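Visitor: What follows is a single structure, and I will ask about it in a moment.
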Amino acid sequence: MKKLNLTINPMDRKSHINREIYGNFSEHLGRCVYDGIYVGENSDIPNIEGFRKDVIDAFREIKLPVLRWPGGCFADAYHWKDGIGDKEKRKKMINIHWGGLVEDNSFGTHEFLRFCELVGCEPYIAGNVGSGTVEEMAEWIEYMTFDGVSPMAELRRKNGREQPWKLKYFGIGNENWGCGGNMTPEYYCDTYRRYQSYCRDFSGNNLYKIACGPNAFDYNWTEVCMKNITAWNMKGLSLHYYTVPYGNWEHKGSATVFTDADYYETISATLQMETLVTRHSEIMNRYDPEGKVGLIVDEWGCWFDVEEGTNPGFLYQQNTMRDAIVAAINLNIFNRHSDRVYMANIAQAVNVLQAVLLTEGMVTVKTPTFHVFDLYKGHQDATLIYSHVENENTEGGVSVPCISHSASINDNGEVLVTLSNCALDKEYEIDLGTAFGQITAAEGRMVTGDARAYNDFTNTDNVVIRPIEVKTENGKASVVLPACSVAAITIKL
Ligand code: AHR
């Protein structure tokens with residue numbers, strides 16, 4: 001078995017890893033909100049005020065820090081006033097982007113913010129720029145955050161909420177280069193300036209305004225935004241990039257049935273995130289050398305064909321060990337770029353795309369991706385430290401680096417090293433050493449399995465977290481990292 005050295009230097013402290021990097025995204029799309037998060041108070045499914053209890057518990061388990069809502073493309077078609085007040089009387093709406101289904105608006109502002117309270121996460125709301133008015137957006141902020149006497153604050157009270165909420169993250173539109181209005185970057189920048197002018201800080205609230213950023217490789221969009229709106233209260237700029245094997249949107253392929261070549265193409269496609277984050281950051285550095293504007297990767301993850309027999313507009317896909325490897329690689333990239341990447345939100349939380357949870361009736365399945373978020377949660381609010389691994393590339397098909405890794409130190413002086421081995425046919429012995437001091441104790445957990453292994457409603461525990469043996473000797477530690485695995489090693493110095 002090949003040995004690879006991984007060196008950490010706990011004295012070389014780099015950037016703060018914002019816990020928001022471990023965020024999720026929940027859109028009114030398919031069965032994410034209705035069925036996934038919200039089943040209604042009269043449901044037989046155990047719930048708290050209509051929210052699935054097992055989903056709340058699962059999100060608490062991974063310490064979900066932030067949840068984005070209501071879209072996505074949906075956000076720029078959403079009129080928030082239709083989703084408040086007596087549920088029986090709420091206007092129905094057509095979900096024009098996702099299946100054309102009629103929704104009853106029973107999950108609206110109060111429900112989303114209450115759900116976040118129950119989970120213990122920050123809400124991140126995307127406002128409607130594409131089809132909404134400036135007034136509508138301004139009133140939404142007033143409704144949620146103003147504690148004085150005003151038309152919107154009174155309306156909120158009438159709807160049963162006396163105290164305003166605190167709302168930090170607010171997006172000025174979503175994908176305004178596409179489903180959010182098909183704008184040019186110049187037009188979007190002017191629009192952003194206008195809309196953001198009326199998004200005010202009330203009653204001690206402090207909005208972190210997020211501008212719509214580029215679609216993947218559109219570096220010009222970033223350039224234009226940084227040039228024109230950095231000075232206009234833009235705290236964050238979003239970036240969207242989905243992992244599609246071969247970059248082929250026409251034939252994305254099945255989530256569960258794929259060849260080894262498809263697998264490595266998926267890994268190769270996901271590694272583009274490194275290039276994207278680096279290159280968009282380089283542009284941002286020129287306009288914002290102090291790194292004040294955060295890069296917000298608020299949509300990322302695998303996008304495959306929908307499962308057979310499911311509504312094509314619902315984007316329901318299974319989730320295998322391949323997804324776990326993709327999640328591990330991306331989260332390591334975000335950690336390593338945490339000087340610029342301030343938040344990331346996997347798409348999506350429940351039942352849509354690379355979901356962390358899948359639900360059907362009474363059963364909730366934790367996907368392999370969920371387990372990666374669990375393994376990595378110790379990075380939240382820790383400090384990135386130097387780490388380097390000897391690496392080698394996979395053989396056969398497209399060649400990709402086998403090992404992905406990142407390391408952080410927390411306030412108790414514990415080091416967390418997360419690493420994955422994407423090779424399908426090779427295990428590695430990883431020798432962990434430190435540039436300063438000695439490793440006195442270490443323990444680890446991992447997920448591993450066939451790349452096509454997944455959890456479903458009849459076998460929820462096919463892929464689970466299990467211990468990985470960590471040997472410590474002479475101030476060093478070593479682990480055997482199986483093929484297709486993701487591990488988290490906690491080290492005491
Ligand atoms: O996550 C699904 C969709 O992908 C979102 O609605 C949109 O923003 C993106 O194109």
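Note on naming: chains are A, B, ... as they come in the structure tokens, residues start from 1 per chain, ligands start from 1 in the order shown.
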For Arg156 in chain A, list every protein, DNA or RNA residue within 10 Å, evaluated using only C-alpha atoms, and leave out those in the same chain fewer than 3 positions away; present the list as a ChimeraX atom specification.

Guide: /A:84-85,110,142-147,150-153,159-164

Visitor: Selection from above, all heavy atoms, as a short mmCIF file (atom, residue, chain, number, x, y, z; two decimals), in the first residue's frame, can you write it?

Guide:
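What ended up in again_29.cif:
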```cif
data_model
loop_
_atom_site.label_atom_id
_atom_site.label_comp_id
_atom_site.auth_asym_id
_atom_site.auth_seq_id
_atom_site.Cartn_x
_atom_site.Cartn_y
_atom_site.Cartn_z
N ILE A 84 -48.53 35.40 3.72
CA ILE A 84 -48.70 35.78 5.14
C ILE A 84 -50.19 35.76 5.48
O ILE A 84 -51.03 35.72 4.59
CB ILE A 84 -48.12 37.18 5.46
CG1 ILE A 84 -48.70 38.23 4.50
CG2 ILE A 84 -46.60 37.17 5.40
CD1 ILE A 84 -48.37 39.67 4.87
N GLY A 85 -50.49 35.80 6.78
CA GLY A 85 -51.89 35.84 7.23
C GLY A 85 -52.53 34.46 7.27
O GLY A 85 -51.85 33.44 7.17
N HIS A 110 -43.41 33.80 7.87
CA HIS A 110 -43.45 33.39 9.29
C HIS A 110 -42.98 31.95 9.44
O HIS A 110 -42.26 31.62 10.39
CB HIS A 110 -44.89 33.50 9.84
CG HIS A 110 -45.34 34.90 10.00
ND1 HIS A 110 -45.55 35.49 11.24
CD2 HIS A 110 -45.62 35.86 9.09
CE1 HIS A 110 -45.96 36.74 11.07
NE2 HIS A 110 -46.01 36.99 9.76
N GLU A 142 -39.14 45.87 6.08
CA GLU A 142 -39.84 46.58 7.16
C GLU A 142 -40.70 45.59 7.96
O GLU A 142 -40.72 45.61 9.19
CB GLU A 142 -40.71 47.69 6.55
CG GLU A 142 -41.47 48.52 7.56
CD GLU A 142 -42.47 49.47 6.86
OE1 GLU A 142 -42.13 50.05 5.81
OE2 GLU A 142 -43.60 49.60 7.38
N TYR A 143 -41.40 44.74 7.26
CA TYR A 143 -42.29 43.76 7.88
C TYR A 143 -41.51 42.86 8.84
O TYR A 143 -41.94 42.58 9.96
CB TYR A 143 -42.96 42.92 6.78
CG TYR A 143 -43.98 41.92 7.27
CD1 TYR A 143 -45.32 42.27 7.41
CD2 TYR A 143 -43.62 40.60 7.57
CE1 TYR A 143 -46.27 41.36 7.83
CE2 TYR A 143 -44.56 39.68 8.00
CZ TYR A 143 -45.89 40.07 8.13
OH TYR A 143 -46.83 39.14 8.56
N MET A 144 -40.37 42.43 8.40
CA MET A 144 -39.63 41.45 9.20
C MET A 144 -38.85 42.10 10.34
O MET A 144 -38.67 41.48 11.39
CB MET A 144 -38.66 40.67 8.29
CG MET A 144 -39.36 39.72 7.34
SD MET A 144 -38.21 38.70 6.41
CE MET A 144 -37.61 39.80 5.16
N THR A 145 -38.36 43.34 10.14
CA THR A 145 -37.34 43.82 11.09
C THR A 145 -37.67 45.09 11.86
O THR A 145 -36.91 45.46 12.76
CB THR A 145 -36.01 44.06 10.33
OG1 THR A 145 -36.20 45.07 9.33
CG2 THR A 145 -35.48 42.78 9.68
N PHE A 146 -38.76 45.77 11.56
CA PHE A 146 -39.03 47.05 12.23
C PHE A 146 -39.83 46.83 13.51
O PHE A 146 -40.85 46.15 13.50
CB PHE A 146 -39.79 47.99 11.28
CG PHE A 146 -39.93 49.38 11.83
CD1 PHE A 146 -38.80 50.15 12.11
CD2 PHE A 146 -41.19 49.92 12.08
CE1 PHE A 146 -38.93 51.43 12.63
CE2 PHE A 146 -41.32 51.21 12.60
CZ PHE A 146 -40.19 51.96 12.87
N ASP A 147 -39.36 47.46 14.63
CA ASP A 147 -40.08 47.21 15.89
C ASP A 147 -40.93 48.40 16.34
O ASP A 147 -41.50 48.38 17.41
CB ASP A 147 -39.13 46.74 17.00
CG ASP A 147 -38.27 47.85 17.54
OD1 ASP A 147 -38.31 48.97 16.98
OD2 ASP A 147 -37.56 47.62 18.54
N SER A 150 -45.49 51.13 12.30
CA SER A 150 -45.44 51.40 10.86
C SER A 150 -46.44 50.44 10.20
O SER A 150 -46.82 49.42 10.80
CB SER A 150 -44.04 51.15 10.30
OG SER A 150 -43.83 49.77 10.09
N PRO A 151 -46.84 50.75 8.99
CA PRO A 151 -47.85 49.87 8.36
C PRO A 151 -47.42 48.41 8.33
O PRO A 151 -48.20 47.51 8.64
CB PRO A 151 -47.96 50.44 6.94
CG PRO A 151 -47.52 51.86 7.05
CD PRO A 151 -46.50 51.90 8.14
N MET A 152 -46.17 48.14 7.98
CA MET A 152 -45.73 46.75 7.85
C MET A 152 -45.54 46.08 9.21
O MET A 152 -45.86 44.90 9.39
CB MET A 152 -44.45 46.66 7.01
CG MET A 152 -44.62 46.99 5.55
SD MET A 152 -45.86 45.94 4.75
CE MET A 152 -47.12 47.12 4.38
N ALA A 153 -45.02 46.85 10.18
CA ALA A 153 -44.85 46.27 11.52
C ALA A 153 -46.21 45.94 12.13
O ALA A 153 -46.38 44.91 12.80
CB ALA A 153 -44.06 47.23 12.40
N ASN A 159 -50.60 39.60 12.22
CA ASN A 159 -50.41 38.20 11.83
C ASN A 159 -49.75 37.36 12.91
O ASN A 159 -49.27 36.26 12.65
CB ASN A 159 -49.61 38.11 10.53
CG ASN A 159 -50.42 38.59 9.34
OD1 ASN A 159 -51.64 38.49 9.34
ND2 ASN A 159 -49.75 39.12 8.33
N GLY A 160 -49.71 37.92 14.12
CA GLY A 160 -49.32 37.12 15.27
C GLY A 160 -47.87 37.21 15.71
O GLY A 160 -47.46 36.48 16.60
N ARG A 161 -47.09 38.08 15.13
CA ARG A 161 -45.69 38.17 15.55
C ARG A 161 -45.43 39.59 16.08
O ARG A 161 -45.32 40.54 15.32
CB ARG A 161 -44.77 37.85 14.36
CG ARG A 161 -43.29 38.04 14.62
CD ARG A 161 -42.66 36.91 15.40
NE ARG A 161 -41.28 37.26 15.72
CZ ARG A 161 -40.34 36.42 16.10
NH1 ARG A 161 -40.62 35.14 16.25
NH2 ARG A 161 -39.13 36.84 16.39
N GLU A 162 -45.33 39.67 17.39
CA GLU A 162 -45.12 40.98 18.03
C GLU A 162 -43.71 41.51 17.75
O GLU A 162 -43.52 42.59 17.20
CB GLU A 162 -45.37 40.82 19.54
CG GLU A 162 -45.09 42.05 20.39
CD GLU A 162 -45.96 43.26 20.00
OE1 GLU A 162 -47.12 43.06 19.62
OE2 GLU A 162 -45.43 44.39 20.06
N GLN A 163 -42.73 40.71 18.12
CA GLN A 163 -41.33 41.15 17.98
C GLN A 163 -40.83 40.97 16.55
O GLN A 163 -41.15 39.97 15.91
CB GLN A 163 -40.41 40.30 18.89
CG GLN A 163 -40.62 40.51 20.38
CD GLN A 163 -40.48 41.96 20.78
OE1 GLN A 163 -39.55 42.65 20.32
NE2 GLN A 163 -41.41 42.45 21.59
N PRO A 164 -40.04 41.93 16.08
CA PRO A 164 -39.44 41.70 14.76
C PRO A 164 -38.42 40.57 14.84
O PRO A 164 -37.96 40.21 15.92
CB PRO A 164 -38.75 43.03 14.45
CG PRO A 164 -38.51 43.66 15.78
CD PRO A 164 -39.58 43.18 16.70
#
```

Visitor: Which protein, DNA or RNA residues have an atom within 6 Å of ligand 1, counting only C-alpha atoms and all ligand atoms, as a ChimeraX atom specification?

Guide: /A:71-73,175,347

Visitor: Between CA of Ala423 in chain A and CA of Thr490 in chain A, what is the spacing in Å?

Guide: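 Answer for the CA of Thr490 in chain A to CA of Ala423 in chain A separation: 23.0 Å.
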
Visitor: Excluding Trp98 in chain A and residues on its chain fewer than 3 positions from it, collect all residues at most 12 Å away from it, counting only C-alpha atoms, and give them as a list in words.

Guide: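 The filter keeps Glu27, His28, Leu29, Gly30, Arg31, Cys32, Gly71, Gly72, Cys73, Phe74, Ala75, Ala77, Met93, Ile94, Asn95, Leu101, Val102, Glu103, Cys179, Asn311, Pro312, Gly313, Phe314, Leu315, Tyr316 and Val352 of chain A.
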
Visitor: Just checking: using only C-alpha atoms, which residue out of A:Thr184, A:Thr275, A:Asn174, A:Thr191 ends up closest to Phe217 in chain A?

Guide: A:Thr275

Visitor: Pick the closest to Lys227 in chain A from A:Asn285, A:Ser203, A:Ser43, A:Gln354: which is it, counting only C-alpha atoms?

Guide: A:Asn285

Visitor: Which residues of range 402-487 of chain A have any atom within 7 Å of an atom in range 375-397 of chain A when counting only C-alpha atoms, and what is the closest pair of atoms for each, with the distance in Å to one decimal? Order the rows by chain and rising number and write it as a Markdown table.

Guide:
```
| residue | atom | partner | partner_atom | distance |
| --- | --- | --- | --- | --- |
| A:Cys402 | CA | A:Asn393 | CA | 5.4 |
| A:Ile403 | CA | A:Asn391 | CA | 6.2 |
| A:Ser406 | CA | A:Ser387 | CA | 6.6 |
| A:Ala407 | CA | A:Ile385 | CA | 5.7 |
| A:Ser408 | CA | A:Leu384 | CA | 4.2 |
| A:Ile409 | CA | A:Thr383 | CA | 5.3 |
| A:Asn410 | CA | A:Ala382 | CA | 4.5 |
| A:Leu416 | CA | A:Gly378 | CA | 6.8 |
| A:Thr418 | CA | A:Tyr376 | CA | 6.8 |
| A:Ala423 | CA | A:Thr394 | CA | 6.0 |
```

Visitor: Taking 5 positions as the minimum chain separation for residues in the same chain, which residues sit within 10 Å of Val66 in chain A when counting only C-alpha atoms? Answer as a list in words.

Guide: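 Neighbouring residues, sequence-local ones excluded: Arg19, Glu20, Ile21, Tyr22, Gly23, Asn24, Phe25, Cys116, Val119, Gly120, Cys121, Glu122, Pro123, Tyr124, Tyr169, Met343, Ala344 and Asn345 of chain A.
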
Visitor: As a PyMOL selection string, which residues of range 242-408 of chain A does DSSP assign to alpha helix (DSSP H)?

Guide: chain A and resi 260-270+272-287+321-336+368-376

Visitor: Contacts of Thr434 in chain A at 8 Å or less, counting only C-alpha atoms, minus same-chain residues fewer than 3 places along, as a PyMOL selection string?

Guide: chain A and resi 7-10+437-439+476

Visitor: The selected residues should be written to file as a PDB file, in the first residue's frame (atoms: all heavy atoms).

Guide:
```pdb
ATOM      1  N   THR A   7       1.323  16.829   6.091  1.00  0.00           N
ATOM      2  CA  THR A   7       1.939  17.668   7.137  1.00  0.00           C
ATOM      3  C   THR A   7       1.023  18.821   7.480  1.00  0.00           C
ATOM      4  O   THR A   7       0.501  19.492   6.594  1.00  0.00           O
ATOM      5  CB  THR A   7       3.280  18.249   6.622  1.00  0.00           C
ATOM      6  OG1 THR A   7       4.047  17.179   6.093  1.00  0.00           O
ATOM      7  CG2 THR A   7       4.041  18.950   7.723  1.00  0.00           C
ATOM      8  N   ILE A   8       0.858  19.032   8.780  1.00  0.00           N
ATOM      9  CA  ILE A   8       0.100  20.211   9.216  1.00  0.00           C
ATOM     10  C   ILE A   8       1.040  21.129   9.978  1.00  0.00           C
ATOM     11  O   ILE A   8       2.048  20.679  10.542  1.00  0.00           O
ATOM     12  CB  ILE A   8      -1.096  19.839  10.125  1.00  0.00           C
ATOM     13  CG1 ILE A   8      -0.629  18.985  11.317  1.00  0.00           C
ATOM     14  CG2 ILE A   8      -2.176  19.123   9.338  1.00  0.00           C
ATOM     15  CD1 ILE A   8      -1.682  18.805  12.384  1.00  0.00           C
ATOM     16  N   ASN A   9       0.722  22.415   9.978  1.00  0.00           N
ATOM     17  CA  ASN A   9       1.481  23.351  10.807  1.00  0.00           C
ATOM     18  C   ASN A   9       0.487  24.210  11.597  1.00  0.00           C
ATOM     19  O   ASN A   9      -0.016  25.215  11.092  1.00  0.00           O
ATOM     20  CB  ASN A   9       2.373  24.243   9.933  1.00  0.00           C
ATOM     21  CG  ASN A   9       3.225  25.158  10.790  1.00  0.00           C
ATOM     22  OD1 ASN A   9       3.031  25.225  12.012  1.00  0.00           O
ATOM     23  ND2 ASN A   9       4.165  25.851  10.165  1.00  0.00           N
ATOM     24  N   PRO A  10       0.204  23.802  12.828  1.00  0.00           N
ATOM     25  CA  PRO A  10      -0.804  24.500  13.622  1.00  0.00           C
ATOM     26  C   PRO A  10      -0.401  25.929  13.974  1.00  0.00           C
ATOM     27  O   PRO A  10      -1.238  26.729  14.392  1.00  0.00           O
ATOM     28  CB  PRO A  10      -0.924  23.656  14.888  1.00  0.00           C
ATOM     29  CG  PRO A  10      -0.175  22.411  14.618  1.00  0.00           C
ATOM     30  CD  PRO A  10       0.802  22.676  13.547  1.00  0.00           C
ATOM     31  N   GLY A 437       5.718  20.609  17.301  1.00  0.00           N
ATOM     32  CA  GLY A 437       5.083  19.808  18.345  1.00  0.00           C
ATOM     33  C   GLY A 437       4.846  18.372  17.900  1.00  0.00           C
ATOM     34  O   GLY A 437       5.320  17.927  16.857  1.00  0.00           O
ATOM     35  N   GLN A 438       4.084  17.703  18.714  1.00  0.00           N
ATOM     36  CA  GLN A 438       3.862  16.270  18.529  1.00  0.00           C
ATOM     37  C   GLN A 438       2.375  15.983  18.586  1.00  0.00           C
ATOM     38  O   GLN A 438       1.629  16.647  19.295  1.00  0.00           O
ATOM     39  CB  GLN A 438       4.500  15.524  19.708  1.00  0.00           C
ATOM     40  CG  GLN A 438       5.958  15.826  19.942  1.00  0.00           C
ATOM     41  CD  GLN A 438       6.788  14.593  19.671  1.00  0.00           C
ATOM     42  OE1 GLN A 438       6.442  13.534  20.168  1.00  0.00           O
ATOM     43  NE2 GLN A 438       7.847  14.721  18.897  1.00  0.00           N
ATOM     44  N   ILE A 439       1.984  14.970  17.868  1.00  0.00           N
ATOM     45  CA  ILE A 439       0.593  14.515  17.986  1.00  0.00           C
ATOM     46  C   ILE A 439       0.546  13.571  19.185  1.00  0.00           C
ATOM     47  O   ILE A 439       1.257  12.568  19.231  1.00  0.00           O
ATOM     48  CB  ILE A 439       0.136  13.812  16.692  1.00  0.00           C
ATOM     49  CG1 ILE A 439       0.081  14.828  15.540  1.00  0.00           C
ATOM     50  CG2 ILE A 439      -1.210  13.123  16.882  1.00  0.00           C
ATOM     51  CD1 ILE A 439      -0.182  14.240  14.166  1.00  0.00           C
ATOM     52  N   LYS A 476       3.527  11.093  15.763  1.00  0.00           N
ATOM     53  CA  LYS A 476       2.858  11.088  14.455  1.00  0.00           C
ATOM     54  C   LYS A 476       1.607  10.215  14.509  1.00  0.00           C
ATOM     55  O   LYS A 476       1.439   9.434  15.445  1.00  0.00           O
ATOM     56  CB  LYS A 476       3.800  10.525  13.393  1.00  0.00           C
ATOM     57  CG  LYS A 476       4.942  11.460  13.044  1.00  0.00           C
ATOM     58  CD  LYS A 476       5.689  10.911  11.856  1.00  0.00           C
ATOM     59  CE  LYS A 476       6.316  12.057  11.079  1.00  0.00           C
ATOM     60  NZ  LYS A 476       6.468  11.793   9.690  1.00  0.00           N
TER      61      LYS A 476
END
```
